[in-house]
Amino acid sequence: MVKAYLNLYTYYMKGVIPITDHTLLTPEEAAQILKISRYTVYKLIERGEIPARRLGNRKIRIDYDSLMQYLQGDSFDKKPSGSVDGNKNADKKNSFTYTGSHDLSIELLIDFLSHGASIQLQTDFKGSMAGLFALFQREAQFTGIHLWDGESQEYNLPFIKYMLPAENYIAVNLVQRVQGYMVTCGNPLNIHSWEDVARKDLRFVNRQRGSGTRLRFDQFLSANKIPASQIQGYNNEESTHAGVAFKIANGEADIGIGIQLAAQRLGLDFIPLFKERFDLVTLKEYENRQEWQQILKVINSAAFHRAIEQQAGYDTSLTGTIVYKN
């Protein structure tokens with residue numbers, strides 16, 4: 001299963017996950033999405049909480065991706081001082097780079113690190129598979145993944161072992177989280193189980209190839225002999241949980257898979273499907289780096305646990321636990 005999926009992934013991705021372009025939104029459209037007044041949107045723009053750009057003297061526009069990050073609790077231009085995104089010219093000796101799946105817990109980790117230590121941390125959210133490739137190629141020092149292997153009924157380790165066969169590495173749990181179907185408030189289409197997604201009357205919105213969520217969904221289809229062509233909207237892809245939630249809230253789709261927090265933020269109903277393990281992985285050669293030691297200190301702290309537990313659908317009972325070390 002792991003080898004077959006990785007081969008398929010290589011054909012699709014060639015090591016790169018494409019970025020989707022989105023249109024600019026007016027403050028009025030942003031207000032409708034956030035379910036707040038236009039006045040409040042302008043105040044958020046004034047405070048720098050939602051980045052916006054001016055077109056001419058009067059028009060203000062808000063980038064779709066920036067708004068999606070706001071819905072996930074991300075911090076935009078108020079990024080932690082220890083975080084640099086996409087800095088290709090950084091000194092690799094003195095930088096510590098994260099490439100992998102996005103999650104609120106990663107944003108919180110960056111925030112905690114920026115207040116607790118003056119380290120240079122770069123982040124590049126490309127998905128679980130791209131994160132493992134980047135770690136293997138030494139383009140990143142650690143990654144975050146949530147990859148389910150249906151054959152072994154195990155998260156992450158089968159993929160790590162296949163991708164890093166001759167490496168010594170460490171896997172530490174960051175969080176456990178629940179994923180499920182996000183549907184319109186009130187669940188008017190009466191969706192209750194995995195199998196409902198194959199109904200002909202439902203419009204699905206998918207995650208991008210290479211993401212852990214997409215892998216889990218594809219494995220469900222394969223195990224139940226459901227052809228992808230039977231899913232209306234299978235090729236309708238979004239690169240974030242918030243992007244999936246937005247399309248459902250906006251009436252562009254009826255159902256999609258994502259985390260509970262994304263559904264909650266947009267007033268959607270949430271139908272739990274599975275609980276997954278989101279692990280951090282680094283190579284043994286980075287174990288004694290100051291940055292990695294500081295990361296371990298943060299994720300084992302009571303304050304970090306409390307911050308995670310305040311979010312819907314998260315579990316810290318394994319947070320900080322070494323899942324594997326060789």
# chains A, B, ... in the order shown; residues from 1 in each chain; ligands from 1
>>> residues_around(residues="Pro51 of chain A", least_positions_apart="5", cutoff="7 Å", atoms="only C-alpha atoms", output="list in words")
Ile45, Ile62 and Ser66 of chain A
>>> residues_around(residues="Asp254 of chain A", least_positions_apart="6", cutoff="8 Å", atoms="only C-alpha atoms", output="PyMOL selection string")
chain A and resi 183-184+202-205+248
>>> write_last_selection(atoms="N, CA and C atoms", output="compact mmCIF listing (two decimals), in the first residue's frame")
# COMPACT_ATOMS: atom_id res chain seq x y z
N VAL A 183 -20.58 19.62 6.75
CA VAL A 183 -21.81 19.77 5.96
C VAL A 183 -22.53 21.05 6.40
N THR A 184 -23.48 21.48 5.60
CA THR A 184 -24.26 22.67 5.90
C THR A 184 -24.94 22.55 7.25
N LEU A 202 -24.95 14.41 -4.02
CA LEU A 202 -24.01 15.20 -3.22
C LEU A 202 -22.84 15.72 -4.05
N ARG A 203 -22.49 16.98 -3.82
CA ARG A 203 -21.31 17.58 -4.46
C ARG A 203 -20.17 17.60 -3.44
N PHE A 204 -19.09 16.91 -3.77
CA PHE A 204 -17.96 16.74 -2.86
C PHE A 204 -16.87 17.76 -3.19
N VAL A 205 -16.13 18.19 -2.16
CA VAL A 205 -14.92 18.98 -2.38
C VAL A 205 -13.77 18.23 -1.73
N ILE A 248 -18.15 24.81 1.14
CA ILE A 248 -19.43 24.28 1.63
C ILE A 248 -20.29 25.41 2.17
>>> atom_distance(atom1="atom CA of Gly256 of chain A", atom2="atom CA of Tyr155 of chain A")
21.4 Å
>>> residues_around(residues="Leu164 of chain A", least_positions_apart="2", cutoff="10 Å", atoms="only C-alpha atoms", output="ChimeraX atom specification")
/A:132-133,135-136,159-162,166-169,283
>>> write_last_selection(atoms="N, CA and C atoms", output="mmCIF file, in the first residue's frame")
data_model
loop_
_atom_site.group_PDB
_atom_site.id
_atom_site.type_symbol
_atom_site.label_atom_id
_atom_site.label_comp_id
_atom_site.auth_asym_id
_atom_site.auth_seq_id
_atom_site.Cartn_x
_atom_site.Cartn_y
_atom_site.Cartn_z
ATOM 1 N N LEU A 132 7.953 14.701 3.906
ATOM 2 C CA LEU A 132 8.890 13.579 3.997
ATOM 3 C C LEU A 132 9.949 13.655 2.901
ATOM 4 N N PHE A 133 9.556 14.047 1.692
ATOM 5 C CA PHE A 133 10.530 14.219 0.621
ATOM 6 C C PHE A 133 11.552 15.284 0.990
ATOM 7 N N LEU A 135 12.479 16.255 3.970
ATOM 8 C CA LEU A 135 13.353 15.760 5.035
ATOM 9 C C LEU A 135 14.416 14.827 4.460
ATOM 10 N N PHE A 136 14.003 13.940 3.565
ATOM 11 C CA PHE A 136 14.927 13.007 2.929
ATOM 12 C C PHE A 136 16.009 13.754 2.141
ATOM 13 N N PHE A 159 5.140 4.870 6.347
ATOM 14 C CA PHE A 159 5.596 5.815 5.334
ATOM 15 C C PHE A 159 6.997 6.335 5.648
ATOM 16 N N ILE A 160 7.252 6.602 6.928
ATOM 17 C CA ILE A 160 8.585 7.081 7.320
ATOM 18 C C ILE A 160 9.630 6.013 7.010
ATOM 19 N N LYS A 161 9.327 4.774 7.373
ATOM 20 C CA LYS A 161 10.281 3.682 7.163
ATOM 21 C C LYS A 161 10.565 3.474 5.679
ATOM 22 N N TYR A 162 9.560 3.642 4.852
ATOM 23 C CA TYR A 162 9.762 3.466 3.416
ATOM 24 C C TYR A 162 10.557 4.627 2.824
ATOM 25 N N ALA A 166 17.358 4.107 5.217
ATOM 26 C CA ALA A 166 18.728 3.994 5.740
ATOM 27 C C ALA A 166 19.041 5.091 6.748
ATOM 28 N N GLU A 167 18.005 5.781 7.227
ATOM 29 C CA GLU A 167 18.210 6.909 8.127
ATOM 30 C C GLU A 167 17.842 6.557 9.559
ATOM 31 N N ASN A 168 18.484 7.238 10.486
ATOM 32 C CA ASN A 168 18.041 7.205 11.877
ATOM 33 C C ASN A 168 17.161 8.429 12.104
ATOM 34 N N TYR A 169 16.006 8.219 12.684
ATOM 35 C CA TYR A 169 15.056 9.316 12.816
ATOM 36 C C TYR A 169 14.270 9.206 14.118
ATOM 37 N N LEU A 283 15.435 13.924 11.687
ATOM 38 C CA LEU A 283 16.518 12.952 11.572
ATOM 39 C C LEU A 283 17.377 12.993 12.832
#
>>> select_by_dssp(residues="segment 84-196 of chain A", states="strand (DSSP E)", output="MDAnalysis selection string")
chainID A and resid 84:85 96:100 121:125 142:145 148:149 154:155 169:183
>>> residues_around(residues="Lys247 of chain A", least_positions_apart="3", cutoff="12 Å", atoms="only C-alpha atoms", output="VMD selection string")
chain A and resid 33 64 68 182 to 184 203 to 207 233 236 to 244 250 to 257 262 to 263 266 268
